[in-house]
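Asks: For reference, the file upload-v3.cif (mmCIF, C-alpha atoms) is included below:
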```cif
data_query
loop_
_atom_site.label_atom_id
_atom_site.label_comp_id
_atom_site.auth_asym_id
_atom_site.auth_seq_id
_atom_site.Cartn_x
_atom_site.Cartn_y
_atom_site.Cartn_z
CA MET A 1 119.41 83.02 99.53
CA MET A 2 121.14 85.90 97.77
CA ASP A 3 119.24 88.02 95.28
CA LYS A 4 120.67 88.72 91.79
CA ASN A 5 122.55 91.83 92.87
CA GLU A 6 124.01 90.12 95.92
CA ILE A 7 125.14 87.19 93.77
CA LYS A 8 126.89 89.55 91.35
CA ALA A 9 128.61 91.45 94.18
CA PHE A 10 129.65 88.16 95.83
CA ILE A 11 131.25 86.93 92.61
CA ALA A 12 132.89 90.30 91.87
CA LYS A 13 134.36 90.44 95.39
CA ARG A 14 135.96 87.01 94.97
CA VAL A 15 137.25 87.87 91.48
CA ALA A 16 138.92 90.99 92.86
CA LYS A 17 141.24 88.77 94.93
CA GLU A 18 142.68 87.32 91.71
CA LEU A 19 144.18 90.65 90.69
CA LYS A 20 147.66 91.73 91.68
CA ASP A 21 149.01 95.21 92.18
CA GLY A 22 150.11 96.64 88.84
CA ASP A 23 148.08 94.26 86.68
CA VAL A 24 146.72 95.47 83.35
CA VAL A 25 143.12 94.28 83.33
CA ASN A 26 140.34 94.24 80.74
CA LEU A 27 136.80 94.00 82.07
CA GLY A 28 133.85 92.74 80.08
CA ILE A 29 130.48 94.44 80.35
CA GLY A 30 128.07 93.70 83.22
CA LEU A 31 129.27 91.85 86.32
CA PRO A 32 133.02 92.33 85.65
CA THR A 33 132.64 96.11 85.91
CA LEU A 34 131.81 95.63 89.62
CA VAL A 35 135.24 94.12 90.35
CA PRO A 36 137.34 97.31 90.86
CA GLN A 37 135.28 98.45 93.86
CA PHE A 38 136.29 95.28 95.71
CA LEU A 39 140.05 95.44 95.09
CA PRO A 40 141.99 94.66 98.27
CA GLU A 41 143.83 97.49 100.06
CA GLY A 42 147.08 98.33 98.27
CA VAL A 43 146.13 96.71 94.97
CA LYS A 44 145.98 99.14 92.08
CA VAL A 45 145.31 97.92 88.56
CA THR A 46 145.37 99.60 85.15
CA LEU A 47 142.05 99.13 83.42
CA GLN A 48 142.28 98.72 79.67
CA ALA A 49 139.29 99.36 77.41
CA GLU A 50 139.80 97.71 74.03
CA ASN A 51 138.41 100.66 72.09
CA GLY A 52 141.46 102.63 73.14
CA ILE A 53 141.94 103.50 76.81
CA ILE A 54 144.88 102.38 78.91
CA GLY A 55 144.13 103.45 82.47
CA ALA A 56 140.41 104.06 82.48
CA GLY A 57 139.21 106.26 85.34
CA LEU A 58 136.03 107.48 86.92
CA VAL A 59 133.54 109.56 84.97
CA THR A 60 132.49 112.74 86.77
CA ASP A 61 130.20 115.59 85.79
CA GLU A 62 133.32 117.62 84.98
CA ASN A 63 135.17 115.15 82.75
CA ARG A 64 132.16 113.50 81.11
CA ALA A 65 132.64 113.86 77.33
CA PRO A 66 130.70 111.11 75.55
CA ARG A 67 131.41 112.56 72.12
CA HIS A 68 135.11 111.92 72.65
CA VAL A 69 135.61 109.34 75.40
CA VAL A 70 133.62 106.13 75.71
CA ASP A 71 134.32 102.68 77.10
CA ALA A 72 134.06 99.35 75.29
CA GLY A 73 130.32 99.33 75.92
CA GLY A 74 129.92 102.70 74.20
CA GLN A 75 129.19 104.41 77.53
CA PRO A 76 130.80 107.67 78.69
CA ALA A 77 134.24 106.95 80.14
CA ALA A 78 137.30 108.78 81.38
CA VAL A 79 141.03 108.30 81.59
CA ALA A 80 142.80 108.21 84.96
CA PRO A 81 145.93 110.28 85.68
CA GLY A 82 148.83 108.48 84.01
CA GLY A 83 146.58 106.84 81.45
CA SER A 84 146.59 107.21 77.69
CA PHE A 85 144.54 106.81 74.56
CA ILE A 86 145.55 104.45 71.77
CA ASP A 87 144.08 103.46 68.42
CA SER A 88 142.39 100.11 67.80
CA ALA A 89 145.30 98.38 66.06
CA THR A 90 147.62 99.31 68.93
CA SER A 91 145.00 98.26 71.46
CA PHE A 92 144.63 94.81 69.97
CA GLY A 93 148.39 94.51 69.58
CA LEU A 94 148.51 95.06 73.34
CA ILE A 95 145.83 92.41 73.85
CA ARG A 96 147.07 89.70 71.46
CA GLY A 97 150.68 90.44 72.30
CA GLY A 98 150.28 89.23 75.88
CA HIS A 99 150.50 92.64 77.58
CA VAL A 100 147.15 92.26 79.36
CA ASP A 101 147.50 90.34 82.63
CA ALA A 102 143.87 89.40 83.07
CA THR A 103 140.58 89.60 81.29
CA ILE A 104 137.39 89.08 83.26
CA LEU A 105 134.26 88.28 81.33
CA GLY A 106 130.96 86.46 81.46
CA GLY A 107 129.93 83.41 79.51
CA LEU A 108 126.91 81.64 78.11
CA GLU A 109 128.73 78.30 78.35
CA VAL A 110 132.16 77.26 79.54
CA ASP A 111 133.48 73.74 79.43
CA ALA A 112 135.83 71.23 81.03
CA GLU A 113 138.47 71.97 78.38
CA GLY A 114 138.51 75.64 79.29
CA SER A 115 136.70 76.65 76.12
CA LEU A 116 134.16 79.47 76.22
CA ALA A 117 131.04 80.39 74.26
CA ASN A 118 129.65 83.86 74.80
CA TRP A 119 129.04 85.63 71.50
CA ILE A 120 126.28 84.06 69.45
CA ILE A 121 123.15 81.93 69.73
CA PRO A 122 122.70 80.82 66.12
CA GLY A 123 119.37 81.84 64.64
CA LYS A 124 118.42 83.79 67.76
CA ARG A 125 121.02 86.34 68.78
CA MET A 126 124.12 87.43 66.93
CA PRO A 127 125.48 90.46 68.74
CA GLY A 128 129.01 89.68 67.58
CA MET A 129 132.26 88.85 69.31
CA GLY A 130 133.61 92.38 69.49
CA GLY A 131 137.02 92.06 71.12
CA ALA A 132 136.26 88.89 73.09
CA MET A 133 138.00 86.40 70.76
CA ASP A 134 141.21 88.44 70.82
CA LEU A 135 141.07 88.96 74.59
CA LEU A 136 140.63 85.24 75.26
CA VAL A 137 143.54 84.34 73.02
CA GLY A 138 145.85 87.10 74.22
CA ALA A 139 145.30 87.76 77.93
CA LYS A 140 147.61 85.92 80.33
CA ASN A 141 144.73 85.00 82.63
CA VAL A 142 141.14 84.52 81.53
CA ILE A 143 138.69 84.61 84.41
CA VAL A 144 135.09 83.74 83.67
CA ALA A 145 132.86 85.46 86.23
CA MET A 146 129.25 84.41 85.97
CA GLU A 147 126.26 82.93 87.72
CA HIS A 148 126.66 79.19 88.02
CA THR A 149 123.46 78.33 86.15
CA ALA A 150 121.00 80.03 83.81
CA ARG A 151 117.40 79.55 84.95
CA GLY A 152 118.48 76.39 86.72
CA ASN A 153 120.27 74.95 83.69
CA PRO A 154 123.99 74.22 83.88
CA LYS A 155 126.33 76.61 82.06
CA ILE A 156 129.48 74.70 82.98
CA LEU A 157 129.45 71.81 80.53
CA GLU A 158 131.57 68.85 79.45
CA LYS A 159 131.77 70.52 76.03
CA CYS A 160 130.25 73.79 74.81
CA ARG A 161 127.26 73.35 72.52
CA LEU A 162 127.14 76.98 71.33
CA PRO A 163 129.81 78.22 68.90
CA TYR A 164 133.11 78.85 70.66
CA THR A 165 134.47 82.29 71.33
CA ALA A 166 137.86 80.62 71.88
CA VAL A 167 139.13 77.18 72.88
CA HIS A 168 141.44 76.12 75.73
CA CYS A 169 141.69 79.66 77.00
CA VAL A 170 139.99 79.91 80.41
CA THR A 171 142.19 79.79 83.52
CA LYS A 172 139.55 80.15 86.24
CA ILE A 173 135.75 80.12 86.61
CA ILE A 174 134.27 82.01 89.55
CA THR A 175 130.56 81.70 90.36
CA GLU A 176 128.38 82.19 93.43
CA MET A 177 128.86 78.48 94.16
CA CYS A 178 132.55 77.86 93.71
CA VAL A 179 135.95 78.62 92.23
CA LEU A 180 137.10 76.25 89.48
CA GLU A 181 140.60 76.04 88.05
CA VAL A 182 141.03 74.67 84.54
CA HIS A 183 143.61 71.87 84.49
CA PRO A 184 144.51 69.46 81.67
CA GLU A 185 142.60 66.71 83.51
CA GLY A 186 139.47 68.85 83.94
CA LEU A 187 137.87 71.39 86.25
CA VAL A 188 139.28 71.40 89.76
CA MET A 189 137.13 72.89 92.53
CA THR A 190 139.45 74.71 94.90
CA GLU A 191 136.88 76.75 96.84
CA TYR A 192 133.18 76.40 97.51
CA ASN A 193 130.49 78.60 98.98
CA PRO A 194 129.48 76.93 102.29
CA ALA A 195 125.85 77.86 101.58
CA PHE A 196 125.96 74.87 99.20
CA THR A 197 127.20 71.32 99.54
CA VAL A 198 129.71 69.83 97.14
CA GLU A 199 126.87 67.60 95.93
CA ASP A 200 124.65 70.65 95.24
CA ILE A 201 127.45 72.21 93.20
CA GLN A 202 128.09 69.05 91.20
CA ALA A 203 124.35 68.73 90.56
CA ALA A 204 124.31 72.26 89.11
CA THR A 205 127.29 71.47 86.88
CA GLU A 206 127.28 69.23 83.82
CA ALA A 207 131.06 68.79 83.75
CA LYS A 208 132.44 66.27 86.24
CA LEU A 209 134.24 68.27 88.93
CA ILE A 210 137.53 67.20 90.47
CA ILE A 211 137.59 68.14 94.14
CA SER A 212 140.88 69.64 95.26
CA PRO A 213 142.40 67.99 98.36
CA GLN A 214 142.90 71.57 99.59
CA LEU A 215 139.24 72.52 99.08
CA LYS A 216 138.35 75.48 101.27
CA PRO A 217 135.43 77.88 101.74
CA MET A 218 135.17 80.87 99.41
CA CYS A 219 135.74 84.18 101.09
CA MET B 220 147.25 118.49 49.50
CA PRO B 221 143.68 117.53 50.26
CA LYS B 222 140.73 119.43 48.82
CA PHE B 223 138.58 121.36 51.25
CA VAL B 224 134.95 120.92 50.22
CA SER B 225 131.46 121.29 51.64
CA ILE B 226 129.79 118.29 53.23
CA GLU B 227 127.19 118.33 50.45
CA ASP B 228 129.88 118.11 47.76
CA ALA B 229 131.72 115.36 49.61
CA VAL B 230 128.55 113.28 49.94
CA LYS B 231 128.09 113.53 46.15
CA LEU B 232 131.36 111.60 45.71
CA ILE B 233 129.72 108.44 47.04
CA PRO B 234 127.77 106.45 44.44
CA ASN B 235 125.19 103.72 45.02
CA GLY B 236 126.87 100.42 45.74
CA ALA B 237 130.10 101.94 47.08
CA SER B 238 132.09 100.32 49.84
CA ILE B 239 132.79 102.64 52.74
CA MET B 240 134.87 102.31 55.87
CA VAL B 241 133.67 104.48 58.72
CA GLY B 242 135.94 105.03 61.72
CA GLY B 243 134.50 105.12 65.20
CA PHE B 244 133.39 102.89 68.04
CA MET B 245 129.72 102.86 69.06
CA GLY B 246 129.46 106.26 67.43
CA CYS B 247 132.48 107.72 69.24
CA GLY B 248 134.75 108.92 66.44
CA ASN B 249 132.12 108.69 63.71
CA ALA B 250 132.09 111.58 61.22
CA HIS B 251 128.71 112.70 62.54
CA ALA B 252 127.89 115.62 60.25
CA PHE B 253 128.98 113.78 57.10
CA ILE B 254 127.04 110.64 58.07
CA ASP B 255 123.96 112.72 58.82
CA ALA B 256 124.17 114.22 55.33
CA LEU B 257 124.85 110.82 53.74
CA SER B 258 121.83 109.38 55.56
CA LYS B 259 119.65 112.01 53.89
CA SER B 260 121.21 111.58 50.44
CA GLY B 261 119.30 108.51 49.28
CA VAL B 262 122.56 106.73 48.36
CA LYS B 263 121.93 103.02 48.77
CA ASP B 264 123.31 99.49 48.49
CA LEU B 265 126.39 100.49 50.44
CA THR B 266 128.87 98.05 51.90
CA LEU B 267 129.72 99.43 55.33
CA MET B 268 132.88 98.40 57.16
CA CYS B 269 132.69 99.76 60.66
CA ASN B 270 133.46 98.26 64.06
CA ASP B 271 129.76 98.30 64.88
CA ALA B 272 126.41 99.69 63.78
CA SER B 273 126.58 102.26 66.58
CA MET B 274 123.69 102.48 69.01
CA ALA B 275 120.01 103.11 68.55
CA ASN B 276 120.37 106.11 70.85
CA GLY B 277 123.31 108.42 71.43
CA PRO B 278 124.95 108.84 74.85
CA ASP B 279 122.87 111.95 75.47
CA GLY B 280 119.69 110.59 73.94
CA GLY B 281 118.86 111.36 70.35
CA ASP B 282 117.80 108.75 67.86
CA PHE B 283 120.13 106.78 65.58
CA TYR B 284 123.61 107.82 66.64
CA GLY B 285 126.27 107.97 63.92
CA VAL B 286 126.23 105.08 61.43
CA ALA B 287 122.96 103.85 62.99
CA LYS B 288 121.34 106.47 60.73
CA LEU B 289 122.57 104.63 57.63
CA VAL B 290 121.18 101.34 58.92
CA HIS B 291 117.89 102.97 59.90
CA ASN B 292 117.45 104.44 56.42
CA LYS B 293 118.19 101.00 54.90
CA GLN B 294 121.17 102.28 52.92
CA ILE B 295 123.41 99.39 53.90
CA LYS B 296 123.31 96.15 51.92
CA THR B 297 126.36 94.52 53.45
CA LEU B 298 127.81 95.20 56.89
CA ILE B 299 131.26 94.03 57.93
CA ALA B 300 131.62 94.62 61.67
CA THR B 301 132.73 93.12 64.98
CA HIS B 302 129.70 93.84 67.17
CA VAL B 303 126.16 94.79 66.23
CA GLY B 304 124.31 94.03 69.47
CA LEU B 305 123.67 97.64 70.51
CA ASN B 306 121.69 98.44 67.37
CA PRO B 307 118.59 96.21 67.29
CA GLU B 308 117.81 97.29 63.72
CA VAL B 309 120.69 95.14 62.49
CA ALA B 310 119.09 91.95 63.86
CA GLN B 311 115.75 93.04 62.41
CA GLN B 312 117.13 93.69 58.92
CA SER B 313 119.52 90.75 58.82
CA MET B 314 117.64 87.94 60.58
CA ILE B 315 113.98 88.85 60.05
CA ASP B 316 113.71 91.09 56.96
CA LYS B 317 116.78 89.47 55.32
CA THR B 318 117.65 92.74 53.59
CA LEU B 319 121.05 93.17 55.23
CA GLU B 320 123.97 90.78 54.99
CA VAL B 321 126.29 90.83 58.02
CA PHE B 322 129.82 89.47 58.29
CA LEU B 323 131.25 89.44 61.80
CA ILE B 324 135.01 89.58 62.30
CA PRO B 325 136.94 89.63 65.61
CA GLN B 326 137.80 93.21 66.49
CA GLY B 327 141.56 92.76 66.60
CA SER B 328 141.53 90.93 63.27
CA PHE B 329 139.31 93.63 61.77
CA ALA B 330 141.78 96.35 62.77
CA GLU B 331 144.75 94.37 61.49
CA MET B 332 143.04 93.36 58.19
CA ILE B 333 142.41 97.03 57.45
CA ARG B 334 145.92 97.96 58.50
CA ALA B 335 147.28 95.18 56.25
CA HIS B 336 145.70 96.59 53.12
CA GLY B 337 146.84 100.09 54.00
CA ALA B 338 150.36 98.81 54.62
CA GLY B 339 150.58 96.75 51.43
CA LEU B 340 150.48 93.35 53.12
CA GLY B 341 148.80 90.29 51.65
CA GLY B 342 147.09 89.11 54.82
CA VAL B 343 147.21 88.77 58.56
CA LEU B 344 148.19 85.68 60.56
CA THR B 345 146.41 85.76 63.90
CA PRO B 346 145.76 83.18 66.61
CA THR B 347 142.35 84.78 67.13
CA GLY B 348 139.46 82.66 65.91
CA VAL B 349 141.28 79.32 65.72
CA GLU B 350 138.79 76.44 66.16
CA THR B 351 135.82 78.83 65.96
CA ILE B 352 133.34 79.43 63.14
CA ILE B 353 135.63 82.25 61.95
CA GLU B 354 137.53 79.46 60.18
CA ASP B 355 134.49 79.23 57.84
CA SER B 356 134.37 82.99 57.16
CA PRO B 357 134.94 84.10 53.56
CA TYR B 358 137.55 86.45 55.05
CA CYS B 359 139.56 83.52 56.42
CA LEU B 360 141.89 81.95 53.83
CA GLY B 361 143.11 79.03 55.90
CA LYS B 362 145.21 77.96 58.83
CA GLN B 363 148.96 77.87 59.28
CA ASN B 364 151.03 76.30 62.00
CA ILE B 365 154.06 78.33 62.92
CA ASP B 366 156.43 77.08 65.61
CA GLY B 367 153.74 74.83 67.05
CA ARG B 368 150.93 77.37 67.23
CA ASP B 369 147.94 77.63 64.87
CA TYR B 370 147.11 80.91 63.17
CA LEU B 371 144.31 81.94 60.82
CA LEU B 372 145.21 83.71 57.60
CA MET B 373 142.81 86.64 57.26
CA LYS B 374 142.32 88.67 54.09
CA PRO B 375 143.16 92.35 53.94
CA LEU B 376 140.17 94.74 53.90
CA LYS B 377 139.93 97.68 51.53
CA ALA B 378 137.20 100.11 50.58
CA ASP B 379 136.34 102.66 47.94
CA PHE B 380 136.01 105.35 50.60
CA ALA B 381 137.12 105.84 54.18
CA ILE B 382 135.15 108.33 56.23
CA ILE B 383 137.24 109.44 59.18
CA ALA B 384 136.79 112.09 61.85
CA GLY B 385 139.18 114.19 63.92
CA ALA B 386 138.75 117.06 66.34
CA LYS B 387 141.24 119.26 64.48
CA ILE B 388 142.50 118.98 60.92
CA ASP B 389 145.00 121.47 59.57
CA LYS B 390 145.22 122.88 56.07
CA ALA B 391 147.71 120.16 55.08
CA GLY B 392 145.13 117.54 56.09
CA ASN B 393 146.95 116.45 59.24
CA VAL B 394 144.55 115.03 61.83
CA TRP B 395 144.52 115.35 65.62
CA TYR B 396 142.10 113.13 67.47
CA LYS B 397 140.55 113.93 70.82
CA GLY B 398 139.96 111.34 73.55
CA ASP B 399 139.59 107.79 72.26
CA THR B 400 138.08 108.83 68.93
CA SER B 401 141.18 107.72 67.01
CA ASN B 402 140.15 104.04 67.31
CA PHE B 403 139.62 102.71 63.75
CA ASN B 404 140.05 106.09 62.06
CA ILE B 405 143.82 105.68 62.04
CA VAL B 406 143.93 102.38 60.13
CA MET B 407 140.97 103.20 57.89
CA ALA B 408 142.65 106.39 56.67
CA THR B 409 145.27 104.15 55.03
CA ALA B 410 143.04 101.51 53.45
CA ALA B 411 140.63 103.21 51.03
CA ASP B 412 140.97 104.63 47.52
CA THR B 413 139.51 107.96 48.64
CA VAL B 414 139.66 109.32 52.17
CA ILE B 415 137.19 111.93 53.39
CA ALA B 416 138.07 113.45 56.75
CA GLU B 417 135.62 115.41 58.86
CA ALA B 418 137.04 118.01 61.23
CA GLU B 419 135.22 119.52 64.13
CA GLU B 420 137.49 122.45 63.40
CA ILE B 421 139.80 123.22 60.49
CA VAL B 422 142.95 124.94 61.72
CA GLU B 423 146.01 126.63 60.26
CA ILE B 424 149.19 124.64 59.67
CA GLY B 425 151.22 124.70 62.87
CA VAL B 426 148.28 124.60 65.27
CA ILE B 427 148.72 120.83 65.48
CA ALA B 428 152.33 120.15 66.45
CA PRO B 429 153.96 117.70 64.03
CA GLU B 430 154.45 115.16 66.85
CA ASP B 431 150.74 115.30 67.67
CA VAL B 432 149.64 114.40 64.14
CA ARG B 433 148.19 110.87 64.23
CA THR B 434 146.99 110.69 60.60
CA SER B 435 149.25 112.46 58.14
CA GLY B 436 147.65 114.64 55.51
CA VAL B 437 149.22 112.46 52.82
CA PHE B 438 146.45 109.92 53.45
CA VAL B 439 143.62 112.46 53.22
CA ASP B 440 141.91 113.41 49.94
CA TYR B 441 139.02 115.59 51.10
CA VAL B 442 138.40 117.57 54.28
CA VAL B 443 135.00 118.76 55.41
CA GLU B 444 134.13 120.84 58.45
CA GLY B 445 131.47 119.20 60.62
CA GLY B 446 131.54 121.50 63.62
CA LYS B 447 130.64 120.29 67.08
CA TYR B 448 127.83 118.14 65.79
CA VAL B 449 126.16 116.06 68.48
#
```
As a first step, turn the structure in this file into structure tokens.
Replies:
Amino acid sequence: MMDKNEIKAFIAKRVAKELKDGDVVNLGIGLPTLVPQFLPEGVKVTLQAENGIIGAGLVTDENRAPRHVVDAGGQPAAVAPGGSFIDSATSFGLIRGGHVDATILGGLEVDAEGSLANWIIPGKRMPGMGGAMDLLVGAKNVIVAMEHTARGNPKILEKCRLPYTAVHCVTKIITEMCVLEVHPEGLVMTEYNPAFTVEDIQAATEAKLIISPQLKPMC
Amino acid sequence: MPKFVSIEDAVKLIPNGASIMVGGFMGCGNAHAFIDALSKSGVKDLTLMCNDASMANGPDGGDFYGVAKLVHNKQIKTLIATHVGLNPEVAQQSMIDKTLEVFLIPQGSFAEMIRAHGAGLGGVLTPTGVETIIEDSPYCLGKQNIDGRDYLLMKPLKADFAIIAGAKIDKAGNVWYKGDTSNFNIVMATAADTVIAEAEEIVEIGVIAPEDVRTSGVFVDYVVEGGKYV
């Protein structure tokens, strides 16, 4: 059994294989921020932060300037050589306009139609959608990277019960159990973690999974 | 030409019940010295339009970073924002105390709705929010199908005051922003009746090259010097 941190690293490592050299990528907070460290040799991506960085880089003691440069989580950030700063309207023009190749984010619920809920639990938590609704609508590829279940309860549903962040937007779901592609006919499992059986994975998933004839182990 | 005034005099411009736009993102790009003074002024019942309610703590510690001070002092009656999850006082005041009304708008729509007012447009058509509860927002005026795709018609956003912040502002009111502090400051500077700009440093004309000016002085009514407030 993997612990929480191992699960997150396992998912992030698999997500990293989705990215191509030269992609412009927006990462959500939490697990997605682990993805860059697992990028395959020769793959360089431009990280976009929706508050106004194109080409986010590593924060060091020397460049740390939290009064002037933060990421989309409000944490100290930096710009990489070749990067730039833009204002919010330009940033969301970039996002909605289809200039972001992939957005990687977590979800509370995702469903068989490729719709995602991740911004509000009515009456309990209302943190807000921030830039998520725009990213889901605008990014060319939407990859949901999350643990397969929450406290044993399925998060991959026939239909989201929480309010949508956006509908028909997700291209791929990557969890510690499997990789699911969103197709018009439903969720197609293309890869599975051999630590689980296909039956285990279906049992942890409310949506009916379609098993790809080319199903292979996740690596 | 903008007027150059003290922070105290600029704060006096803002009456109870005013609507204010404050540029910045999680405190980065907030007009920190002005907000600090406003938070001590006792002005209340404000409508705040800001991306967020900042964070309970600043990046280097310190309580109530940026606009979080205004929330903490219960000066905000209505908050129009995109994300309020990093300031737990918003949930307390809105969901438990019921003293704060919050309207959440997608971040890209928020930027564009502000830009629309500043640019004299009657609304924004965006695919963002289609088939979500944003369709029920008072800021959403309906849905339009254009060439087979659905779009929401979002209202422009305007305010009595915009409070913006730049690292350098010259004596013509031209603003240069450092790092990613420009964020919402750029659109907000165009969308309010009165624009108050806080400079870390006021400089002579010519210090900011014309091609480096991101907000022209024509948008700015008042300039205050905030210094390197942290």
Asks: Using only C-alpha atoms, tabulate the residues of chain A lying at most 10 Å from any atom of chain B, each with its closest atom pair and that distance in Å to one decimal, by chain and increasing residue number, as CSV.
Replies:
```
residue,atom,partner,partner_atom,distance
A:Ala49,CA,B:Asp399,CA,9.9
A:Glu50,CA,B:Gln326,CA,9.0
A:Asn51,CA,B:Asn402,CA,6.1
A:Gly52,CA,B:Asp399,CA,5.6
A:Ile53,CA,B:Asp399,CA,6.7
A:Ala65,CA,B:Gly398,CA,8.6
A:Pro66,CA,B:Pro278,CA,6.2
A:Arg67,CA,B:Cys247,CA,5.7
A:His68,CA,B:Gly398,CA,5.0
A:Val69,CA,B:Gly398,CA,5.1
A:Val70,CA,B:Cys247,CA,6.8
A:Asp71,CA,B:Asp399,CA,8.8
A:Ala72,CA,B:Phe244,CA,8.1
A:Gly73,CA,B:Met245,CA,7.7
A:Gly74,CA,B:Met245,CA,5.1
A:Gln75,CA,B:Pro278,CA,6.7
A:Pro76,CA,B:Pro278,CA,7.1
A:Ala77,CA,B:Asp399,CA,9.6
A:Ala78,CA,B:Gly398,CA,8.7
A:Val79,CA,B:Gly398,CA,8.7
A:Ser84,CA,B:Gly398,CA,8.8
A:Phe85,CA,B:Asp399,CA,5.5
A:Ile86,CA,B:Asp399,CA,6.8
A:Asp87,CA,B:Asn402,CA,4.1
A:Ser88,CA,B:Asn402,CA,4.6
A:Ala89,CA,B:Ala330,CA,5.2
A:Thr90,CA,B:Asn402,CA,9.0
A:Ser91,CA,B:Gly327,CA,8.1
A:Phe92,CA,B:Gly327,CA,5.0
A:Gly93,CA,B:Gly327,CA,7.7
A:Leu94,CA,B:Gly327,CA,10.0
A:Ile95,CA,B:Gly327,CA,8.4
A:Arg96,CA,B:Gly327,CA,8.0
A:Ala117,CA,B:Thr351,CA,9.7
A:Trp119,CA,B:His302,CA,9.3
A:Gly123,CA,B:Met314,CA,7.5
A:Lys124,CA,B:Met314,CA,8.3
A:Arg125,CA,B:Ala310,CA,7.7
A:Met126,CA,B:Gly304,CA,7.1
A:Pro127,CA,B:Gly304,CA,3.8
A:Gly128,CA,B:His302,CA,4.2
A:Met129,CA,B:His302,CA,6.0
A:Gly130,CA,B:Thr301,CA,4.7
A:Gly131,CA,B:Gln326,CA,4.8
A:Ala132,CA,B:Pro325,CA,7.5
A:Met133,CA,B:Thr347,CA,5.9
A:Asp134,CA,B:Thr347,CA,5.3
A:Leu135,CA,B:Thr347,CA,8.6
A:Leu136,CA,B:Thr347,CA,8.3
A:Val137,CA,B:Thr347,CA,6.0
A:Gly138,CA,B:Thr347,CA,8.2
A:Pro163,CA,B:Thr351,CA,6.7
A:Tyr164,CA,B:Thr351,CA,5.4
A:Thr165,CA,B:Thr351,CA,6.5
A:Ala166,CA,B:Gly348,CA,6.5
A:Val167,CA,B:Glu350,CA,6.8
A:His168,CA,B:Glu350,CA,9.9
```
Asks: Can you spit out the residues from that selection as a tab-separated table (two decimals), in the coordinates of the input, using C-alpha atoms?
Replies:
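Saved result, out.tsv, follows:
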```
chain	number	residue	atom	x	y	z
A	49	ALA	CA	139.29	99.36	77.41
A	50	GLU	CA	139.80	97.71	74.03
A	51	ASN	CA	138.41	100.66	72.09
A	52	GLY	CA	141.46	102.63	73.14
A	53	ILE	CA	141.94	103.50	76.81
A	65	ALA	CA	132.64	113.86	77.33
A	66	PRO	CA	130.70	111.11	75.55
A	67	ARG	CA	131.41	112.56	72.12
A	68	HIS	CA	135.11	111.92	72.65
A	69	VAL	CA	135.61	109.34	75.40
A	70	VAL	CA	133.62	106.13	75.71
A	71	ASP	CA	134.32	102.68	77.10
A	72	ALA	CA	134.06	99.35	75.29
A	73	GLY	CA	130.32	99.33	75.92
A	74	GLY	CA	129.92	102.70	74.20
A	75	GLN	CA	129.19	104.41	77.53
A	76	PRO	CA	130.80	107.67	78.69
A	77	ALA	CA	134.24	106.95	80.14
A	78	ALA	CA	137.30	108.78	81.38
A	79	VAL	CA	141.03	108.30	81.59
A	84	SER	CA	146.59	107.21	77.69
A	85	PHE	CA	144.54	106.81	74.56
A	86	ILE	CA	145.55	104.45	71.77
A	87	ASP	CA	144.08	103.46	68.42
A	88	SER	CA	142.39	100.11	67.80
A	89	ALA	CA	145.30	98.38	66.06
A	90	THR	CA	147.62	99.31	68.93
A	91	SER	CA	145.00	98.26	71.46
A	92	PHE	CA	144.63	94.81	69.97
A	93	GLY	CA	148.39	94.51	69.58
A	94	LEU	CA	148.51	95.06	73.34
A	95	ILE	CA	145.83	92.41	73.85
A	96	ARG	CA	147.07	89.70	71.46
A	117	ALA	CA	131.04	80.39	74.26
A	119	TRP	CA	129.04	85.63	71.50
A	123	GLY	CA	119.37	81.84	64.64
A	124	LYS	CA	118.42	83.79	67.76
A	125	ARG	CA	121.02	86.34	68.78
A	126	MET	CA	124.12	87.43	66.93
A	127	PRO	CA	125.48	90.46	68.74
A	128	GLY	CA	129.01	89.68	67.58
A	129	MET	CA	132.26	88.85	69.31
A	130	GLY	CA	133.61	92.38	69.49
A	131	GLY	CA	137.02	92.06	71.12
A	132	ALA	CA	136.26	88.89	73.09
A	133	MET	CA	138.00	86.40	70.76
A	134	ASP	CA	141.21	88.44	70.82
A	135	LEU	CA	141.07	88.96	74.59
A	136	LEU	CA	140.63	85.24	75.26
A	137	VAL	CA	143.54	84.34	73.02
A	138	GLY	CA	145.85	87.10	74.22
A	163	PRO	CA	129.81	78.22	68.90
A	164	TYR	CA	133.11	78.85	70.66
A	165	THR	CA	134.47	82.29	71.33
A	166	ALA	CA	137.86	80.62	71.88
A	167	VAL	CA	139.13	77.18	72.88
A	168	HIS	CA	141.44	76.12	75.73
```
Asks: On this structure, the PyMOL selection byres ((chain B and resi 384) around 6) would catch which residues? List them as number ranges by chain, sorted by chain and number.
Replies: B: 248, 250, 383, 385, 416-418
Asks: Just the number, please: distance in Å from CA of Leu34 (chain A) to CA of Ala275 (chain B), one decimal.
Replies: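 Separation of CA of Leu34 (chain A) and CA of Ala275 (chain B): 25.3 Å.
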Asks: By how many Å are CA of Tyr441 (chain B) and CA of Glu320 (chain B) apart?
Replies: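 Going from CA of Tyr441 (chain B) over to CA of Glu320 (chain B) covers 29.3 Å.
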Asks: Could you jot down the CA of Pro36 (chain A) to CA of Met2 (chain A) separation for me, Å, one decimal place?
Replies: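 Between CA of Pro36 (chain A) and CA of Met2 (chain A) the gap works out to 21.0 Å.
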Asks: Could you tell me, as number ranges by chain, exactly which residues end up selected when the PyMOL selection byres ((chain A and resi 28) around 8) is applied to this structure?
Replies: A: 26-27, 29-33, 103-106
